[in-house]
Amino acid sequence: MESKSYQRFPKVKIREMKDDYLKFELKETDASMANALRRVMIAEVPTVAIDLVEIEVNSSVLNDEFIAHRLGLIPLTSDRAMSMRFSRDCDACDGDGQCEFCSVEFHLRAKCHSDQTLDVTSKELISSDHTVVPVDFSDSTGYESTEQKGIIIVKLRRGQELRLRAIARKGIGKDHAKWSPAATVTFMYEPDIRINEELMDTLTLEEKRSWVESSPTKVFDIDPNTHQVVVVDPEAYTYDDEVIKKAEAMGKPGLVDITAKEDSFIFTVESTGAIKASQLLLNAIEVLKQKLDAVRLSDDTVEADDQFGELGAHLRGG
Amino acid sequence: MAENLGLMNENEDLKELFRHHIESFDHMVEAGLETMFHAIKPFSRRRFLTSISLWLENPKLYKPQRDSKRMGKLLLPFECRQAKISYTGKFSADVCFQYSEGAVIRENFDFGQFPVMLQSKLCNLRGASPQKLVSCREESSEMGGYFILNGLERVVRLVISPKRNYPMSMVRNSFRERREGYTDKAVVIRCVRKDQSSVSLRVYYLRNGSARLGFWIKGKEYLLPVGVVLKALIDTTDREIYTSLTCCYSDKHEKEKGAVGTQLVGERAQIILDEVRDLSLLTRRQCLEHIGEHFQTVMDGLENESYSSVAGAVLKDYIFVHLDNNYDKFNLLIFMVQKLFSLIDQTSVPDNPDSLQNQEVLLPGHLITIYLKEKLEDWLHKAIKLIQDEINNKSKTFDFCNVGHVKKVMDKNPARIIAQAVENMLKTGRLATQSGLDLQQRAGFTVQAERLNYLRFLSHFRAVHRGASFAGLRTTSVRKLLPESWGFLCPVHTPDGEPCGLLNHMACTCRITSYFDSQGNIRDFFDIQKTILSVLIEVGMSPALPKLVQAGPPEVLSVLLDGRVVGSLPSSEIEKVVAHLRTLKVSSASGIPDDLEVGYVPLSMGGAYPGLYLFTSPARFVRPVRNISTPSVEGQDIELIGPFEQVFMEIRCPDGGDGGRRKAFPATHEEIHPTGMLSVVANLTPWSDHNQSPRNMYQCQMAKQTMAFSSQSIQFRADQKLYHLQTPQSPIVRTTAYTKYNIDEYPTGTNAIVAVLAYTGYDMEDAMILNKSSVDRGMCHGQIYQTETIDLSDKSSKSNQDSQIFRRSNINTPVDVKKNPNKLVHSLIDSDGLPYVGQMIQPDDPYCSIYNESKCKIRYFRRKGSEPAVVDYVALDVKGKNNNPIQKVNIRFRQPRNPVIGDKFSSRHGQKGVCSQLWPDIDMPFSGVTGMRPDLIINPHAFPSRMTIAMLLESIAAKGGSLHGKYVDATPFASSAKKANGDTESNPSSLVDDLGKMLREKGFNYHGLEVLYSGVYGTELACEIFIGPVYYQRLRHMVSDKFQVRSTGTVDQVTRQPIKGRKRGGGIRFGEMERDSMLAHGAAYLLHDRLHTCSDYHIADVCSLCGSILTTSVVQPPVCRKIGGLPPIARRKVTCHFCQSSKGMETVAMPYVFRYLTAELAAMNIKMTLQLSNGAGA
């Protein structure tokens, strides 16, 4: 087998980074890689979420399952999740005890004593582990932060009570959406926009303006001084072909040429708050590596080599 | 308080939808019973010189009380629903006895517990504010209109009946079969008394030119010559009758427009008079005696009366019962005969009995009144018979004046059965009556008001049924959608299939007239009629009384007011009069009711019989339109019109055009809004004017089977089955009806992001792919609530006469020894014998245990079905005394029903589909810009043939609406209505342009398309995908209720074949056609496997000597001695009883039914012998 190397060295350039938001470029790789990253971020990066609820008292208007479901969907800070065990793999316990390796216990006690409706929020969930707590959405920048209350679980009126014990476990988004750390992960191909200046010059200003406005997003603009069409924001282009269609309708096909760069992607990652967006990316790469390791190190890889042919060598980092 | 008032007004539109039910009941309570009691004639028996009479007075209905004996606490509807009892109030009345002109003895009788309609004047919830209602554990918008009987909510179905007091000309073949010489033509009138009971009357035409009056007494039709009746009614002369009958003909006007008479009329009048003369009846007295002689045997209680008084009673009780005056009756009969002759001469066309023009509706209050009347009459009849028997038997001891004695006698005829009969009628919808009450059907008068969702519940009150008798009819003419029903019945909202066109729904603005005016006061029809009469005379009507005007169309037109000929108007004047009446109608001060129907049938060449027909009666359909002919004060131009007058009116519809009427027929009226012609449910379909019409029909059906937010007081209800959607949403794209009727209080679906593409193949043929993550996050989650009522005091069932209590056994036994020995009963059942609230109950697990005190045995109630359920609620009936053990409990179970493969969903456009996959989120296509993944994928092939354009519009609009953060109005026909308001929009911007602009502003594609990337490969999909939010409903049909599997299982005892039925674990029939297809494929082994091996495979012993399979029997094997611990060798030995040997024994495989067949044949002395041969030698 020829030992030609297919190894690539993708580059990541971070454009914008906040706790729950990340925008970066991924270059010098192909769509399969980009999509794998997206899929892993959504479905396979582990987090911690409430999975088992033991209800002691529930006299609220919502039924037990409804409350349990709502509790499950509350994002919990899961920085520790990567190092935790899945409760099914945990050998220190049988999966539902207060085992520090695989589960975190929560308690919630709320009773309404006043005539005003009491909002039971995620703030009232008391965790046994200070590293795993409901995500705090209060804006650290300040304004109105005192009023932040967390996620409402249920509303109680006078005399109603909710008392429960909940166990959070590690899991992945593939099993249930509540374990997905990503609110949105998307990528787009970086567009390559080339305006045919010669042809463009044949247009009147009026025509240029209507052509520029044919794009629903602001990709092009007209230079106020030179009256030339310039590309303002190529990434705003959504591949909707509106401008190309417009050019054809104007009788000027080839006015603009837009192609997608096959090896350059712009990622947008939004996190639920369970883990930081940047950490989400790192974890995703880690998970992806583990998955590849699993393929590479498994016993039948050598046999699979014959099936995969060149790909087998590629997988083993040849 | 102001806020409270605001909410009350908000519900006003909703209240309007239920009003006809409540008002009719209210009227019955307030005045209807009183009127009905007056209408019941005193029953009297005469014997020698003494006479007894018996009559009723002073009916009284009380509010529902919790304890009927002590007047104490009020009974609330929610208690009835939970305790499965009826919401009833006491009904009492005075029974009056009079004995030979002696003093009247009045005695108050208790007629039992009478069902009370919710929110009627008797209901304890009447006038309660929403807050009060909630504190009474009702919906905040509880509208009532139904009854609670044994805990079930039942509503009286509105049934179409022929329009009252209007003579209708009809052609029917069945008329010919009356008797020899009858033709198929007649004029029919349904006369309705003040107490709502009705008598139908027919005037038949005979081939010889004469006419007969037919009417029904006790299920038998009696026919009288018209002449005899005319003469018997009033003192008159032949000449007068002749001129009256022929007045509609004059030489001058023959062949003129609107002439109804021909010269044949004179001849026919002659024949009618000759007939009377031939019977040698010359005077009125003779006629009366003639009638009396024939009817004496038929009329009850008049056996000893004179002939003429019998005849008087016949005329009073059976002929034109809506009129009191004999002159009026005479005039009406003349009018009917003229109409009949005109029908014969084809100067007018027959009226269509299927058209809404000639129909009205039977209301709950009216139905109950007439049923009650008959029941009371029966009771009185029986009572007087009992008393008379008593007098005859032991006249010495019986003292009539002694109330105690009389009451004792009457105990044999308990008064309580009266209210019981009404309750039973409402429970079953069946009338237990001899006479039939002049109604078309005996059963199906009430239906259960299911609360599957609010729309279904609401539709029960708006539904109008054509009558059960039409359901079996082969002709489809009754089901046709006729133009006359425009604006009254919804053309869209009728079910598909069997009841199509028979079960209609009232349009949302349609109302039904009642006894109450807009101020809520009971109308005095006598006053109203007097006012109308004086108005008519003012404008130039010549009154019919004292002397009938001797003229007819086209000179003058007859004026009929509620079936009474009140006079005639010159045809030149009539249009002015009609316009005048309409202006008076609109203005409130005139004393003319706002719902007066001015049915002006103009003169025409051979059209409908002309005249001016005025109706003030209740139970008519009416709807509001705007009167534009008379400039009036603002807000006073809304006129209520009925279907009879609508046909001859010019009503403009705001569609931009003139409806083809040009200048010749200027519009006098205008529709208020085009959506007024649709029912409430049909009004909820967004932009239904952009859909193919059948799709809107499907949506109306599906909206009613949606699993939705059915009730806000689920906690306090004990319905057998209740569907509940956990996370409903208010639709982004909505019509004005949503706000008008507060539908958001009971939302029916979810705004799902729908992508239209063929993605995996799992969306073929109306299947749809749901996003698993969306479902995980709670989309379309739901529950079913099921309540089991366990009543130990109910001795009727299973002959359980022993006393039983709820108790659990002290020994903690396993639930199922074989399957699960670790699960113990005490983990499921608490010490009181009832389940723990919140406990999960698996199928076949016990949830309730009962201790039989006399047998000392514990019995368990086990959970049926195939799915686990959670105990939601346990309610105890603590009605008994304090130390009594609890006898009645409600246990409510909650079954989670989250979407699974096979569940049914639909959009609001008749696009239903089945979930075929819960597809992983990461494999769903995603948008590169927003990262959105669809919640739901449907196939583009769902659109071309179905043409549900509104669904596409909804998608775009909802997308724009959600981007802008606002609701989008999707009222159908909005564009045409806008134009009519005078909004002169210079640019005719289309709907799509408006919606496209919204998207564009936010940087989205104008047409709602987006570039999506494959979730699996991350590459751009080949074409742009139409994606946007669409409001999706989850339908109640779920696989978990429907799936059926079986490998082996129970078999039929007789045939040993697998049984059928999903509940019993049976199979699905592999029938003849399936067999044929297997044969055609040559799949012989498969066929053998299905039909034999897996069915009733049987190995039979056959005696080859005599060929019998029945005579063989297994001989008990001789007990073998055990040899050295080896198991005994049991050799089967079979012998034939017939041959007395076991020589020719063979075993043959056969279906077991074959053995059964031979046995059956043997029972009929037919012997079946089998000839056995080797398979190869055959």
# chains A, B, ... in the order shown; residues from 1 in each chain; ligands from 1
>>> interface_residues(of="chain B", to="chain A", cutoff="8 Å", atoms="only C-alpha atoms", output="VMD selection string")
chain B and resid 726 772 to 774 776 to 778 838 920 922 926 to 932 1000 to 1006 1010 to 1011 1015 to 1019 1024
>>> residues_around(residues="Glu671 in chain B", least_positions_apart="3", cutoff="7 Å", atoms="only C-alpha atoms", output="list of chain:residue names")
B:Val625, B:Arg626, B:Ile651, B:Arg652, B:Cys653, B:Pro654, B:Pro674
>>> write_last_selection(atoms="C-alpha atoms", output="CSV table (one decimal), in the first residue's frame")
chain,number,residue,atom,x,y,z
B,625,VAL,CA,-77.4,41.7,7.6
B,626,ARG,CA,-76.9,45.4,7.1
B,651,ILE,CA,-78.3,41.1,-0.4
B,652,ARG,CA,-74.9,42.4,-1.6
B,653,CYS,CA,-71.9,40.4,-0.8
B,654,PRO,CA,-68.7,42.4,-0.5
B,674,PRO,CA,-68.2,37.3,4.3
>>> closest_residue(among="A:Arg109, A:Arg296, A:Arg194, A:His227", to="Gln160 in chain A", atoms="only C-alpha atoms")
A:Arg109
>>> closest_residue(among="A:Ile258, A:Val120, A:Val232, A:Ala49", to="Pro75 in chain A", atoms="only C-alpha atoms")
A:Ala49
>>> residues_around(residues="Gln720 in chain B", least_positions_apart="6", cutoff="12 Å", atoms="only C-alpha atoms", output="list in words")
Arg81, Gln82, Lys84, Gly151, Leu152, Glu153, Glu450, Arg451, Leu452, Ile714, Ile784, Tyr785, Gln786, Thr787, Glu788, Thr789, Asn890, Ile891, Arg892, Phe893 and Arg894 of chain B
>>> write_last_selection(atoms="N, CA and C atoms", output="compact mmCIF listing (two decimals), in the first residue's frame")
# COMPACT_ATOMS: atom_id res chain seq x y z
N ARG B 81 -70.87 15.70 38.18
CA ARG B 81 -69.96 15.04 37.25
C ARG B 81 -69.10 14.03 37.99
N GLN B 82 -68.66 14.40 39.17
CA GLN B 82 -67.76 13.51 39.89
C GLN B 82 -68.50 12.36 40.55
N LYS B 84 -71.21 11.12 39.54
CA LYS B 84 -71.99 10.42 38.51
C LYS B 84 -73.47 10.41 38.84
N GLY B 151 -73.73 11.87 35.61
CA GLY B 151 -72.36 12.33 35.44
C GLY B 151 -71.96 12.60 34.02
N LEU B 152 -72.82 12.24 33.06
CA LEU B 152 -72.48 12.48 31.66
C LEU B 152 -73.13 13.77 31.20
N GLU B 153 -72.41 14.46 30.32
CA GLU B 153 -72.96 15.71 29.81
C GLU B 153 -73.71 15.41 28.52
N GLU B 450 -69.21 15.57 24.00
CA GLU B 450 -67.85 15.13 24.30
C GLU B 450 -66.93 16.34 24.43
N ARG B 451 -66.04 16.25 25.39
CA ARG B 451 -65.06 17.32 25.55
C ARG B 451 -63.71 16.85 25.05
N LEU B 452 -63.71 16.24 23.90
CA LEU B 452 -62.44 15.81 23.33
C LEU B 452 -61.55 17.03 23.15
N ILE B 714 -59.72 20.13 34.49
CA ILE B 714 -59.50 18.68 34.42
C ILE B 714 -59.43 18.09 35.82
N ILE B 784 -53.50 11.05 28.36
CA ILE B 784 -54.91 10.66 28.38
C ILE B 784 -55.28 10.44 29.84
N TYR B 785 -56.38 11.04 30.22
CA TYR B 785 -56.88 10.83 31.57
C TYR B 785 -58.06 9.87 31.49
N GLN B 786 -57.99 8.83 32.28
CA GLN B 786 -59.09 7.88 32.30
C GLN B 786 -59.59 7.75 33.72
N THR B 787 -60.88 7.76 33.87
CA THR B 787 -61.44 7.64 35.22
C THR B 787 -62.21 6.34 35.34
N GLU B 788 -61.92 5.62 36.38
CA GLU B 788 -62.69 4.42 36.70
C GLU B 788 -63.54 4.75 37.91
N THR B 789 -64.82 4.51 37.79
CA THR B 789 -65.70 4.71 38.93
C THR B 789 -66.05 3.36 39.52
N ASN B 890 -63.79 7.44 42.66
CA ASN B 890 -63.33 7.68 41.30
C ASN B 890 -61.82 7.60 41.34
N ILE B 891 -61.26 6.78 40.49
CA ILE B 891 -59.81 6.73 40.39
C ILE B 891 -59.44 7.19 39.00
N ARG B 892 -58.67 8.25 38.95
CA ARG B 892 -58.30 8.79 37.64
C ARG B 892 -56.87 8.39 37.33
N PHE B 893 -56.69 7.82 36.15
CA PHE B 893 -55.37 7.43 35.70
C PHE B 893 -54.89 8.40 34.64
N ARG B 894 -53.60 8.51 34.58
CA ARG B 894 -53.01 9.39 33.58
C ARG B 894 -52.05 8.54 32.77
>>> residues_around(residues="Ile244 in chain A", least_positions_apart="5", cutoff="12 Å", atoms="only C-alpha atoms", output="mmCIF file with N, CA and C atoms, in the first residue's frame")
data_model
loop_
_atom_site.group_PDB
_atom_site.id
_atom_site.type_symbol
_atom_site.label_atom_id
_atom_site.label_comp_id
_atom_site.auth_asym_id
_atom_site.auth_seq_id
_atom_site.Cartn_x
_atom_site.Cartn_y
_atom_site.Cartn_z
ATOM 1 N N ILE A 193 -16.882 35.904 -3.811
ATOM 2 C CA ILE A 193 -17.725 36.728 -4.676
ATOM 3 C C ILE A 193 -16.839 37.549 -5.603
ATOM 4 N N ARG A 194 -17.074 37.371 -6.879
ATOM 5 C CA ARG A 194 -16.303 38.159 -7.854
ATOM 6 C C ARG A 194 -17.275 38.920 -8.744
ATOM 7 N N ILE A 195 -17.168 40.223 -8.655
ATOM 8 C CA ILE A 195 -18.026 41.055 -9.497
ATOM 9 C C ILE A 195 -17.319 41.304 -10.814
ATOM 10 N N ASN A 196 -18.057 41.107 -11.869
ATOM 11 C CA ASN A 196 -17.522 41.421 -13.199
ATOM 12 C C ASN A 196 -17.600 42.933 -13.402
ATOM 13 N N TRP A 211 -30.174 46.261 -8.446
ATOM 14 C CA TRP A 211 -29.492 44.972 -8.365
ATOM 15 C C TRP A 211 -28.985 44.723 -6.946
ATOM 16 N N VAL A 212 -28.436 45.751 -6.351
ATOM 17 C CA VAL A 212 -27.911 45.614 -4.990
ATOM 18 C C VAL A 212 -29.047 45.295 -4.024
ATOM 19 N N SER A 214 -31.661 43.710 -4.665
ATOM 20 C CA SER A 214 -32.328 42.435 -4.918
ATOM 21 C C SER A 214 -31.890 41.373 -3.913
ATOM 22 N N SER A 215 -30.765 41.599 -3.273
ATOM 23 C CA SER A 215 -30.342 40.633 -2.264
ATOM 24 C C SER A 215 -31.019 40.975 -0.953
ATOM 25 N N TYR A 237 -24.016 36.710 2.574
ATOM 26 C CA TYR A 237 -24.628 36.029 1.447
ATOM 27 C C TYR A 237 -25.134 34.666 1.894
ATOM 28 N N TYR A 239 -26.398 32.269 -0.179
ATOM 29 C CA TYR A 239 -26.475 31.350 -1.329
ATOM 30 C C TYR A 239 -27.896 31.253 -1.873
ATOM 31 N N ALA A 249 -32.232 38.412 -15.032
ATOM 32 C CA ALA A 249 -33.458 39.117 -15.392
ATOM 33 C C ALA A 249 -33.148 40.454 -16.033
ATOM 34 N N MET A 250 -32.041 41.046 -15.637
ATOM 35 C CA MET A 250 -31.644 42.335 -16.227
ATOM 36 C C MET A 250 -30.948 42.149 -17.569
ATOM 37 N N GLY A 251 -30.792 40.926 -17.945
ATOM 38 C CA GLY A 251 -30.128 40.658 -19.209
ATOM 39 C C GLY A 251 -28.620 40.723 -19.126
ATOM 40 N N LYS A 252 -28.088 40.607 -17.947
ATOM 41 C CA LYS A 252 -26.626 40.664 -17.804
ATOM 42 C C LYS A 252 -26.132 39.405 -17.071
ATOM 43 N N PRO A 253 -26.251 38.255 -17.677
ATOM 44 C CA PRO A 253 -25.736 37.081 -16.976
ATOM 45 C C PRO A 253 -24.234 37.184 -16.800
ATOM 46 N N GLY A 254 -23.768 36.658 -15.716
ATOM 47 C CA GLY A 254 -22.333 36.735 -15.461
ATOM 48 C C GLY A 254 -21.910 38.032 -14.827
ATOM 49 N N LEU A 255 -22.877 38.767 -14.338
ATOM 50 C CA LEU A 255 -22.552 40.029 -13.680
ATOM 51 C C LEU A 255 -21.730 39.779 -12.428
ATOM 52 N N VAL A 256 -22.116 38.701 -11.763
ATOM 53 C CA VAL A 256 -21.375 38.375 -10.568
ATOM 54 C C VAL A 256 -21.172 36.860 -10.551
ATOM 55 N N ASP A 257 -20.060 36.460 -10.007
ATOM 56 C CA ASP A 257 -19.765 35.040 -9.935
ATOM 57 C C ASP A 257 -19.538 34.707 -8.471
ATOM 58 N N ILE A 258 -20.382 33.824 -7.960
ATOM 59 C CA ILE A 258 -20.256 33.480 -6.543
ATOM 60 C C ILE A 258 -20.010 31.989 -6.427
ATOM 61 N N THR A 259 -18.957 31.640 -5.817
ATOM 62 C CA THR A 259 -18.690 30.227 -5.562
ATOM 63 C C THR A 259 -18.426 30.057 -4.076
#
>>> select_by_dssp(residues="range 141-213 of chain A", states="strand (DSSP E)", output="number ranges by chain")
A: 152-156, 161-171, 182-195
>>> closest_residue(among="A:Asp136, A:Asp79, A:Glu44, A:Asp51", to="Lys276 in chain A", atoms="only C-alpha atoms")
A:Asp79
>>> residues_around(residues="Val12 in chain A", least_positions_apart="5", cutoff="9 Å", atoms="only C-alpha atoms", output="ChimeraX atom specification")
/A:24-27
>>> closest_residue(among="A:His113, A:Arg88, A:Met200, A:Pro134", to="Arg157 in chain A", atoms="only C-alpha atoms")
A:His113
>>> residues_around(residues="range 12-15 of chain B", least_positions_apart="6", cutoff="8 Å", atoms="only C-alpha atoms", output="list of chain:residue names")
B:Met143, B:Lys740, B:Tyr741, B:Asn742
>>> write_last_selection(atoms="C-alpha atoms", output="PDB file, in the first residue's frame")
ATOM      1  CA  MET B 143     -71.459  28.351  28.876  1.00  0.00           C
ATOM      2  CA  LYS B 740     -63.660  36.666  19.079  1.00  0.00           C
ATOM      3  CA  TYR B 741     -64.385  33.285  20.632  1.00  0.00           C
ATOM      4  CA  ASN B 742     -61.395  33.163  23.007  1.00  0.00           C
TER       5      ASN B 742
END
